[in-house]
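Trainee: Data: structure_38.cif, mmCIF, C-alpha atoms.
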data_input
#
loop_
_atom_site.label_atom_id
_atom_site.label_comp_id
_atom_site.auth_asym_id
_atom_site.auth_seq_id
_atom_site.Cartn_x
_atom_site.Cartn_y
_atom_site.Cartn_z
CA MET A 110 0.00 0.00 0.00
CA THR A 111 2.99 2.33 0.34
CA ASP A 112 3.83 4.90 -2.30
CA SER A 113 7.54 4.76 -1.44
CA GLY A 114 10.21 2.30 -0.38
CA VAL A 115 11.62 1.82 3.10
CA LEU A 116 15.34 2.05 3.79
CA ILE A 117 16.60 -0.02 6.72
CA ILE A 118 19.97 -0.20 8.41
CA LEU A 119 20.69 -3.53 10.09
CA SER A 120 23.64 -3.76 12.45
CA GLY A 121 24.68 -6.34 14.98
CA PRO A 122 27.87 -7.77 16.44
CA SER A 123 29.80 -10.54 14.71
CA GLY A 124 28.01 -13.77 15.61
CA SER A 125 24.61 -12.10 16.05
CA GLY A 126 23.38 -14.04 13.01
CA LYS A 127 22.80 -11.23 10.51
CA ASP A 128 23.38 -13.34 7.37
CA THR A 129 21.24 -16.30 8.46
CA VAL A 130 18.38 -13.98 9.42
CA LEU A 131 18.62 -11.93 6.21
CA ASN A 132 18.69 -15.03 4.00
CA LYS A 133 15.58 -16.38 5.67
CA LEU A 134 13.90 -12.97 5.55
CA THR A 135 14.27 -12.51 1.80
CA GLU A 136 13.36 -16.12 0.97
CA ASN A 137 9.61 -15.51 1.10
CA ARG A 138 9.39 -11.76 0.62
CA ASP A 139 9.88 -10.29 -2.81
CA ASP A 140 9.39 -6.78 -1.42
CA ILE A 141 12.46 -7.01 0.84
CA LYS A 142 15.88 -6.65 -0.77
CA ILE A 143 19.39 -6.70 0.68
CA SER A 144 21.83 -4.11 -0.61
CA ILE A 145 24.97 -5.71 -2.02
CA SER A 146 28.25 -4.13 -0.93
CA MET A 147 31.11 -3.27 -3.26
CA THR A 148 34.69 -4.27 -2.47
CA THR A 149 38.16 -4.12 -3.95
CA ARG A 150 39.28 -7.30 -2.21
CA GLN A 151 39.91 -10.52 -4.13
CA LYS A 152 36.90 -12.76 -4.69
CA ARG A 153 37.15 -16.03 -2.79
CA ASN A 154 36.38 -19.26 -4.65
CA ASP A 155 33.00 -19.78 -3.00
CA GLU A 156 31.84 -16.23 -3.60
CA ILE A 157 29.73 -14.98 -6.49
CA ASP A 158 30.11 -11.51 -8.01
CA GLY A 159 26.87 -9.56 -7.66
CA LEU A 160 25.58 -11.87 -4.93
CA ASN A 161 28.08 -11.74 -2.06
CA TYR A 162 29.70 -8.51 -3.23
CA TYR A 163 30.31 -6.49 -6.33
CA PHE A 164 34.02 -7.19 -6.86
CA VAL A 165 35.66 -4.21 -8.53
CA SER A 166 39.06 -2.62 -9.07
CA ARG A 167 40.39 0.07 -6.74
CA GLU A 168 40.34 2.50 -9.66
CA TYR A 169 36.62 1.84 -10.28
CA PHE A 170 35.81 2.14 -6.57
CA GLU A 171 37.70 5.43 -6.21
CA LYS A 172 35.92 6.82 -9.26
CA LYS A 173 32.59 5.95 -7.57
CA ILE A 174 33.70 7.82 -4.42
CA ALA A 175 34.83 10.84 -6.46
CA ASP A 176 31.48 10.90 -8.30
CA ASN A 177 29.59 10.83 -4.96
CA ASN A 178 28.14 7.45 -5.83
CA MET A 179 29.00 5.66 -2.57
CA LEU A 180 26.63 5.99 0.39
CA GLU A 181 29.38 4.98 2.81
CA TYR A 182 32.68 3.20 2.59
CA ALA A 183 35.63 2.22 4.73
CA GLU A 184 39.03 0.63 4.30
CA TYR A 185 40.02 -2.59 6.10
CA ALA A 186 43.31 -4.39 5.55
CA ASN A 187 44.07 -2.32 2.44
CA ASN A 188 40.74 -3.10 0.82
CA LEU A 189 37.80 -0.76 0.26
CA TYR A 190 34.27 -1.83 1.21
CA GLY A 191 31.16 0.25 0.69
CA THR A 192 27.54 0.68 -0.38
CA PRO A 193 26.91 1.91 -3.93
CA LYS A 194 24.07 4.46 -4.11
CA ALA A 195 22.45 3.75 -7.50
CA PRO A 196 21.06 0.23 -6.83
CA VAL A 197 19.65 1.35 -3.45
CA ASP A 198 17.87 4.32 -5.03
CA GLU A 199 16.44 2.15 -7.80
CA MET A 200 15.06 -0.44 -5.37
CA LEU A 201 13.52 2.34 -3.24
CA ARG A 202 11.90 3.85 -6.34
CA ASN A 203 10.36 0.44 -7.00
CA GLY A 204 8.80 0.49 -3.53
CA LYS A 205 11.08 -2.15 -2.02
CA ALA A 206 12.20 -2.37 1.59
CA VAL A 207 15.98 -2.18 1.19
CA ILE A 208 18.20 -3.47 3.98
CA LEU A 209 21.75 -2.18 4.36
CA LYS A 210 23.87 -4.51 6.49
CA ILE A 211 26.41 -2.07 7.87
CA GLU A 212 28.51 -1.15 10.90
CA VAL A 213 27.63 1.43 13.53
CA GLN A 214 29.95 4.02 11.91
CA GLY A 215 28.43 3.54 8.45
CA ALA A 216 24.96 3.92 9.96
CA GLU A 217 25.72 7.51 10.99
CA LYS A 218 26.69 8.43 7.42
CA ILE A 219 23.52 6.92 5.96
CA ARG A 220 21.30 8.86 8.40
CA LYS A 221 22.72 12.10 7.03
CA ILE A 222 21.85 11.19 3.43
CA TYR A 223 18.46 9.56 4.14
CA PRO A 224 16.93 11.13 7.27
CA GLU A 225 13.92 8.78 6.93
CA VAL A 226 16.08 5.65 7.22
CA ILE A 227 15.11 3.33 10.05
CA SER A 228 17.70 1.36 11.99
CA ILE A 229 17.50 -2.07 13.57
CA PHE A 230 20.02 -3.57 15.97
CA LEU A 231 20.14 -7.38 15.87
CA MET A 232 20.85 -8.38 19.44
CA PRO A 233 22.12 -11.76 20.69
CA PRO A 234 20.05 -12.97 23.67
CA SER A 235 23.18 -12.55 25.82
CA VAL A 236 26.93 -12.06 25.43
CA ARG A 237 27.32 -15.63 26.70
CA VAL A 238 25.23 -16.98 23.80
CA LEU A 239 27.26 -14.83 21.41
CA GLU A 240 30.47 -16.35 22.76
CA GLU A 241 29.06 -19.89 22.34
CA ARG A 242 28.09 -19.13 18.73
CA LEU A 243 31.52 -17.72 17.91
CA ARG A 244 33.21 -20.75 19.56
CA GLY A 245 30.87 -23.05 17.64
CA ARG A 246 32.30 -21.74 14.38
CA ASN A 247 35.60 -23.28 15.51
CA SER A 248 37.40 -21.09 13.02
CA GLU A 249 39.36 -18.69 15.23
CA ASP A 250 42.07 -18.80 17.85
CA GLU A 251 41.38 -17.64 21.42
CA GLU A 252 42.91 -14.21 20.88
CA THR A 253 40.81 -13.38 17.80
CA LEU A 254 37.70 -14.63 19.57
CA ASN A 255 38.35 -12.51 22.66
CA HIS A 256 38.96 -9.50 20.45
CA ARG A 257 35.61 -10.12 18.71
CA LEU A 258 33.86 -10.25 22.09
CA VAL A 259 35.41 -6.94 23.18
CA ILE A 260 34.18 -5.33 19.94
CA ALA A 261 30.76 -6.99 20.32
CA ARG A 262 30.30 -5.46 23.79
CA GLU A 263 31.23 -2.03 22.45
CA GLU A 264 28.70 -2.44 19.62
CA ILE A 265 25.95 -3.60 21.99
CA ARG A 266 26.54 -0.48 24.13
CA ARG A 267 25.72 1.58 21.03
CA ALA A 268 22.42 -0.27 20.46
CA PRO A 269 20.45 2.64 22.03
CA GLU A 270 21.36 4.72 18.94
CA TYR A 271 19.11 2.43 16.86
CA ASP A 272 15.36 2.84 16.40
CA TYR A 273 14.52 -0.80 17.00
CA ILE A 274 15.96 -3.82 18.80
CA VAL A 275 15.38 -7.35 17.51
CA ILE A 276 16.52 -10.19 19.77
CA ASN A 277 17.92 -13.13 17.80
CA ASP A 278 16.99 -15.92 20.21
CA THR A 279 15.74 -18.02 17.29
CA VAL A 280 16.02 -17.26 13.56
CA GLU A 281 12.22 -17.47 13.24
CA ASN A 282 11.66 -14.87 15.99
CA ALA A 283 14.26 -12.51 14.55
CA VAL A 284 12.81 -12.80 11.02
CA ALA A 285 9.29 -12.19 12.36
CA GLY A 286 10.56 -9.22 14.36
CA ILE A 287 12.12 -7.55 11.32
CA GLU A 288 9.07 -8.30 9.14
CA THR A 289 6.81 -6.72 11.77
CA ILE A 290 8.93 -3.55 11.79
CA ILE A 291 8.91 -3.30 7.98
CA ASN A 292 5.16 -3.90 7.82
CA ALA A 293 4.51 -1.24 10.45
CA GLU A 294 6.85 1.27 8.78
CA ARG A 295 4.95 0.79 5.52
CA GLN A 296 1.86 2.04 7.37
CA LYS A 297 3.58 5.29 8.38
CA THR A 298 1.52 8.26 7.23
CA PHE A 299 4.33 10.02 5.37
CA ARG A 300 4.72 6.93 3.16
CA ASN A 301 1.01 6.95 2.29
CA LYS A 302 0.26 10.51 1.22
CA LYS A 303 -1.03 9.31 -2.15
CA ILE A 304 -3.56 7.04 -0.45
CA ILE A 305 -4.87 9.83 1.76
CA SER A 306 -5.53 12.06 -1.24
CA GLU A 307 -7.10 9.14 -3.15
CA VAL A 308 -9.50 8.46 -0.27
CA ILE A 309 -10.48 12.13 -0.12
CA ASN A 310 -10.99 12.45 -3.86
CA ASN A 311 -12.71 9.13 -4.50
CA VAL A 312 -16.04 10.61 -3.53
CA MET B 221 9.84 -8.09 25.90
CA THR B 222 9.14 -4.39 26.58
CA ASP B 223 9.88 -2.79 29.91
CA SER B 224 7.11 -0.21 29.47
CA GLY B 225 3.63 0.13 28.06
CA VAL B 226 2.66 1.71 24.76
CA LEU B 227 0.10 4.52 24.57
CA ILE B 228 -1.88 4.73 21.33
CA ILE B 229 -4.33 7.29 20.04
CA LEU B 230 -6.88 5.92 17.57
CA SER B 231 -8.97 8.36 15.58
CA GLY B 232 -11.14 7.95 12.54
CA PRO B 233 -14.31 9.46 11.10
CA SER B 234 -17.75 8.32 12.16
CA GLY B 235 -18.44 5.13 10.18
CA SER B 236 -14.76 4.18 9.88
CA GLY B 237 -15.46 1.17 12.11
CA LYS B 238 -13.46 2.04 15.23
CA ASP B 239 -15.63 0.09 17.68
CA THR B 240 -15.86 -3.08 15.58
CA VAL B 241 -12.10 -3.08 15.00
CA LEU B 242 -11.28 -2.40 18.67
CA ASN B 243 -13.62 -5.12 19.92
CA LYS B 244 -12.01 -7.65 17.61
CA LEU B 245 -8.52 -6.41 18.49
CA THR B 246 -8.92 -6.90 22.24
CA GLU B 247 -10.71 -10.25 21.91
CA ASN B 248 -7.52 -12.26 21.54
CA ARG B 249 -4.92 -9.94 23.05
CA ASP B 250 -4.71 -9.54 26.80
CA ASP B 251 -1.86 -7.02 26.40
CA ILE B 252 -4.04 -4.53 24.50
CA LYS B 253 -6.54 -2.47 26.51
CA ILE B 254 -9.03 0.21 25.50
CA SER B 255 -9.28 3.24 27.73
CA ILE B 256 -12.84 3.80 28.95
CA SER B 257 -14.12 7.37 28.73
CA MET B 258 -15.95 9.20 31.50
CA THR B 259 -19.18 11.07 30.84
CA THR B 260 -21.84 13.05 32.69
CA ARG B 261 -24.59 12.05 30.27
CA GLN B 262 -27.38 9.66 31.25
CA LYS B 263 -26.66 5.97 30.82
CA ARG B 264 -28.81 4.38 28.09
CA ASN B 265 -30.56 1.11 28.88
CA ASP B 266 -28.22 -1.03 26.80
CA GLU B 267 -25.05 0.53 28.24
CA ILE B 268 -22.98 -0.81 31.13
CA ASP B 269 -21.15 1.44 33.59
CA GLY B 270 -17.40 0.77 33.46
CA LEU B 271 -17.67 -0.92 30.06
CA ASN B 272 -19.14 1.64 27.62
CA TYR B 273 -18.34 4.63 29.84
CA TYR B 274 -17.80 5.56 33.43
CA PHE B 275 -21.10 7.35 34.13
CA VAL B 276 -20.54 10.05 36.75
CA SER B 277 -22.11 13.24 38.08
CA ARG B 278 -21.06 16.62 36.76
CA GLU B 279 -19.75 17.49 40.24
CA TYR B 280 -17.49 14.40 40.22
CA PHE B 281 -16.27 15.12 36.67
CA GLU B 282 -15.50 18.77 37.48
CA LYS B 283 -13.57 17.70 40.60
CA LYS B 284 -11.47 15.40 38.35
CA ILE B 285 -10.73 18.31 36.01
CA ALA B 286 -9.81 20.59 38.94
CA ASP B 287 -7.48 17.90 40.35
CA ASN B 288 -5.75 17.57 36.94
CA ASN B 289 -6.97 13.99 36.65
CA MET B 290 -8.44 14.24 33.14
CA LEU B 291 -6.13 13.75 30.14
CA GLU B 292 -8.57 15.53 27.87
CA TYR B 293 -12.23 16.40 27.93
CA ALA B 294 -14.84 18.25 25.92
CA GLU B 295 -18.46 19.26 26.26
CA TYR B 296 -21.11 18.16 23.74
CA ALA B 297 -24.81 18.92 24.10
CA ASN B 298 -24.38 19.99 27.74
CA ASN B 299 -22.59 16.78 28.70
CA LEU B 300 -18.91 16.33 29.57
CA TYR B 301 -16.88 13.54 27.97
CA GLY B 302 -13.24 12.79 28.74
CA THR B 303 -10.38 10.41 29.48
CA PRO B 304 -9.47 9.85 33.15
CA LYS B 305 -5.71 9.72 33.72
CA ALA B 306 -5.34 7.20 36.58
CA PRO B 307 -6.55 4.01 34.79
CA VAL B 308 -4.38 4.82 31.75
CA ASP B 309 -1.27 5.27 33.88
CA GLU B 310 -1.95 2.04 35.77
CA MET B 311 -2.34 0.01 32.56
CA LEU B 312 0.86 1.54 31.15
CA ARG B 313 2.74 0.66 34.36
CA ASN B 314 1.56 -2.93 33.86
CA GLY B 315 3.13 -2.95 30.39
CA LYS B 316 -0.14 -2.85 28.46
CA ALA B 317 -0.72 -1.26 25.07
CA VAL B 318 -3.45 1.25 25.91
CA ILE B 319 -5.66 2.60 23.14
CA LEU B 320 -7.41 5.95 23.51
CA LYS B 321 -10.29 6.33 21.06
CA ILE B 322 -10.43 10.09 20.71
CA GLU B 323 -11.06 12.96 18.33
CA VAL B 324 -8.42 14.91 16.46
CA GLN B 325 -8.62 17.79 18.99
CA GLY B 326 -8.16 15.48 21.97
CA ALA B 327 -5.17 13.89 20.26
CA GLU B 328 -3.27 17.20 20.39
CA LYS B 329 -3.76 17.47 24.15
CA ILE B 330 -2.56 13.91 24.77
CA ARG B 331 0.63 14.51 22.77
CA LYS B 332 1.56 17.32 25.14
CA ILE B 333 1.23 15.09 28.23
CA TYR B 334 2.76 11.92 26.70
CA PRO B 335 5.27 12.88 23.99
CA GLU B 336 5.92 9.16 23.33
CA VAL B 337 2.29 8.49 22.40
CA ILE B 338 1.79 7.03 18.95
CA SER B 339 -1.22 7.89 16.83
CA ILE B 340 -3.15 5.82 14.31
CA PHE B 341 -5.74 7.09 11.88
CA LEU B 342 -8.35 4.49 10.91
CA MET B 343 -9.14 5.26 7.31
CA PRO B 344 -12.16 4.10 5.30
CA PRO B 345 -11.10 2.72 1.88
CA SER B 346 -12.93 5.69 0.30
CA VAL B 347 -15.43 8.38 1.21
CA ARG B 348 -17.92 6.48 -0.97
CA VAL B 349 -17.57 3.36 1.19
CA LEU B 350 -17.94 5.52 4.29
CA GLU B 351 -21.18 6.93 2.93
CA GLU B 352 -22.48 3.43 2.15
CA ARG B 353 -21.69 2.30 5.69
CA LEU B 354 -23.42 5.31 7.25
CA ARG B 355 -26.47 4.76 5.01
CA GLY B 356 -26.41 1.07 5.95
CA ARG B 357 -27.01 2.04 9.58
CA ASN B 358 -30.35 3.44 8.41
CA SER B 359 -30.57 5.46 11.60
CA GLU B 360 -30.17 9.02 10.38
CA ASP B 361 -31.98 11.47 8.12
CA GLU B 362 -30.31 12.81 4.99
CA GLU B 363 -29.25 16.07 6.62
CA THR B 364 -27.47 14.43 9.57
CA LEU B 365 -25.79 12.00 7.20
CA ASN B 366 -24.53 14.76 4.92
CA HIS B 367 -23.25 16.66 7.95
CA ARG B 368 -21.35 13.54 9.07
CA LEU B 369 -19.77 13.25 5.63
CA VAL B 370 -18.63 16.88 5.69
CA ILE B 371 -17.02 16.30 9.10
CA ALA B 372 -15.51 13.01 7.91
CA ARG B 373 -13.78 14.74 4.98
CA GLU B 374 -12.37 17.37 7.35
CA GLU B 375 -11.06 14.64 9.65
CA ILE B 376 -9.51 12.67 6.77
CA ARG B 377 -7.68 15.85 5.70
CA ARG B 378 -6.02 15.86 9.13
CA ALA B 379 -4.85 12.24 8.78
CA PRO B 380 -1.30 13.43 7.91
CA GLU B 381 -0.95 14.61 11.54
CA TYR B 382 -1.01 10.95 12.63
CA ASP B 383 1.99 8.62 12.78
CA TYR B 384 0.27 5.68 11.08
CA ILE B 385 -2.58 5.05 8.67
CA VAL B 386 -4.60 1.83 8.84
CA ILE B 387 -7.07 1.23 6.01
CA ASN B 388 -10.26 -0.43 7.22
CA ASP B 389 -11.14 -2.32 4.03
CA THR B 390 -11.92 -5.42 6.09
CA VAL B 391 -12.05 -5.76 9.88
CA GLU B 392 -9.39 -8.49 9.71
CA ASN B 393 -6.95 -6.28 7.77
CA ALA B 394 -7.51 -3.34 10.09
CA VAL B 395 -7.00 -5.47 13.21
CA ALA B 396 -3.83 -7.00 11.73
CA GLY B 397 -2.59 -3.53 10.79
CA ILE B 398 -2.99 -2.19 14.33
CA GLU B 399 -1.46 -5.33 15.86
CA THR B 400 1.55 -4.97 13.57
CA ILE B 401 2.06 -1.36 14.67
CA ILE B 402 1.82 -2.26 18.36
CA ASN B 403 4.21 -5.21 17.95
CA ALA B 404 6.73 -3.04 16.11
CA GLU B 405 6.45 -0.23 18.67
CA ARG B 406 7.20 -2.72 21.43
CA GLN B 407 10.52 -3.36 19.67
CA LYS B 408 11.50 0.33 19.83
CA THR B 409 14.86 0.72 21.54
CA PHE B 410 13.72 3.26 24.13
CA ARG B 411 11.17 0.75 25.40
CA ASN B 412 13.85 -1.94 25.81
CA LYS B 413 16.63 -0.26 27.78
CA LYS B 414 16.45 -2.89 30.51
CA ILE B 415 17.02 -5.66 27.96
CA ILE B 416 20.08 -3.96 26.49
CA SER B 417 21.71 -3.68 29.92
CA GLU B 418 20.75 -7.27 30.73
CA VAL B 419 22.40 -8.52 27.53
CA ILE B 420 25.58 -6.57 28.29
CA ASN B 421 25.76 -7.74 31.91
CA ASN B 422 24.77 -11.37 31.39
CA VAL B 423 28.33 -12.29 30.47
#
Will you turn the file into structure tokens for me?
Mentor:
Amino acid sequence: MTDSGVLIILSGPSGSGKDTVLNKLTENRDDIKISISMTTRQKRNDEIDGLNYYFVSREYFEKKIADNNMLEYAEYANNLYGTPKAPVDEMLRNGKAVILKIEVQGAEKIRKIYPEVISIFLMPPSVRVLEERLRGRNSEDEETLNHRLVIAREEIRRAPEYDYIVINDTVENAVAGIETIINAERQKTFRNKKIISEVINNV
Amino acid sequence: MTDSGVLIILSGPSGSGKDTVLNKLTENRDDIKISISMTTRQKRNDEIDGLNYYFVSREYFEKKIADNNMLEYAEYANNLYGTPKAPVDEMLRNGKAVILKIEVQGAEKIRKIYPEVISIFLMPPSVRVLEERLRGRNSEDEETLNHRLVIAREEIRRAPEYDYIVINDTVENAVAGIETIINAERQKTFRNKKIISEVINNV
């Protein structure tokens, strides 16, 4: 029923389950799209260009920055990562709910460009559960894991900067929580101005 | 999961179906309560004190106003109508979603007392449908009906002052729309501060 799209920032600490929740969320909803990030880092064998990331050259990426075509970007380990503006704007024009999976710092930049953006913090049920999930991955040494937990606590302390909190106790609950927020936001008056005037004029 | 209640203003023109929708809404949800208005008018035979209204004397009502215990009130046809503050505050303290069914003017007063209140406008699918519904009641002469339609159009023009729009095309859709808004609002960060600190501390 909306006459415009909904832009959503989703943040959450490493291990909060962002990817699992987003995959499940978009499975059954054609009106919800995930923004694909752009990066200059090498594509890994199991990754697909245009699905996991847009893999581009540093020259191309820097041209995008110069042309004001990146919503936000950052450099990690000598590689650029960021959100290209054009695909987001096109999906919004088509009335989609567009989710940007970004860090707390990136979120601040987006708010300046799109004041109507809504932000969701995906919260683990407890730091203990987060630790168990990270250990379950079995892919990191103790030092890396402890570092991740320190960062996670810092991120959780910034959760009050977000509009909404969704607890990821189960994937189903988290997916339902995000869907509820999107459905409610679509009922916001400022996204339905066309409908109000249609109701008035359809006498 | 919220640590506080949610206060909701519901407005909508005569014939928009507020009562039908609210009855259905509270049938299955113990966490959603409708605030009962107070009035000095005579109880009709089919009305129940404490269910349709609190029926009180003018002296009692005026004492409530003097003691600052009315959230809003107005006089129609020599009778006072208004929303007593104490029951609303108690329901909010108990974590309920409390719905105030009030007019556009009353809504402004409530916003001043509770800045966190959210407002929903219940919208008929069209003015034509509204007219059909009012005619269907078969209880009013042409003049009264036309007057109601004039007022309804004025009210619909003020819909943009509300946070959310819910279209009452079917009772089921309208109930689902309001439930979605309440569920999303309960996920607002400022209503979940306790949970954030619990997650951080439950190490």
Trainee: Show which residues sit within 10 Å of Glu381 in chain B, as a ChimeraX atom specification. Count all atoms listed in the file, and ignore same-chain residues fewer than 6 positions away.
Mentor: /A:298-299 /B:324,327-328,339-341
Trainee: Would you give me, as JSON, numbers by chain, the residues of chain B that come within 8 Å of chain A, using all atoms listed in the file?
Mentor: {"B": [344, 345, 346, 347, 348, 373, 376, 377, 379, 380, 382, 383, 384, 385, 386, 397, 400, 401, 403, 404, 407, 408, 409, 410, 412, 413, 416, 418, 419, 420, 421, 422, 423]}
Trainee: Could you expand the PyMOL selection byres ((chain B and resi 313) around 12) into the explicit residues it covers here, written as a list in words?
Mentor: Thr222, Asp223, Ser224, Gly225, Val226, Leu227, Asp251, Ala306, Pro307, Val308, Asp309, Glu310, Met311, Leu312, Asn314, Gly315, Lys316, Ala317 and Val318 of chain B
Trainee: Contacts of Lys218 in chain A at 12 Å or less, counting only C-alpha atoms, minus same-chain residues fewer than 4 places along, as a VMD selection string?
Mentor: chain A and resid 118 179 to 183 191 to 192 211 to 214 222 to 224 226
Trainee: Can you list what the PyMOL selection byres ((chain B and resi 241) around 12) grabs from this structure, as a VMD selection string?
Mentor: chain B and resid 230 to 232 235 to 240 242 to 247 254 319 321 342 to 343 386 to 399
Trainee: Record the distance separating CA of Glu241 in chain A and CA of Lys414 in chain B, expressed in Å with one decimal.
Mentor: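 Answer for the CA of Glu241 in chain A to CA of Lys414 in chain B separation: 22.7 Å.
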Trainee: Kindly give the distance, in Å, that separates CA of Met258 in chain B and CA of Ile228 in chain B, rounded to a single decimal.
Mentor: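 These atoms are spaced 17.9 Å apart.
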Trainee: Just give me the gap between CA of Lys152 in chain A and CA of Leu209 in chain A in Å, one decimal is fine.
Mentor: 20.6 Å
Trainee: Quick one: residues within 9 Å of range 266-280 of chain B, all atoms listed in the file counted, chain neighbours fewer than 4 positions away excluded, as number ranges by chain?
Mentor: B: 256-262, 284-285, 299-300
Trainee: Closest to Leu365 in chain B among B:Ser255, B:Asn288, B:Ser234, B:Asn248, using all atoms listed in the file?
Mentor: B:Ser234
Trainee: Calculate, to one decimal in Å, the centre and edge lengths of the box along x, y and z of the file that holds all listed atoms of range 228-235 of chain A with 5 Å of margin on each side, and present them as lines of an AutoDock Vina configuration file.
Mentor:
center_x = 20.3
center_y = -5.8
center_z = 18.9
size_x = 15.7
size_y = 24.3
size_z = 23.8
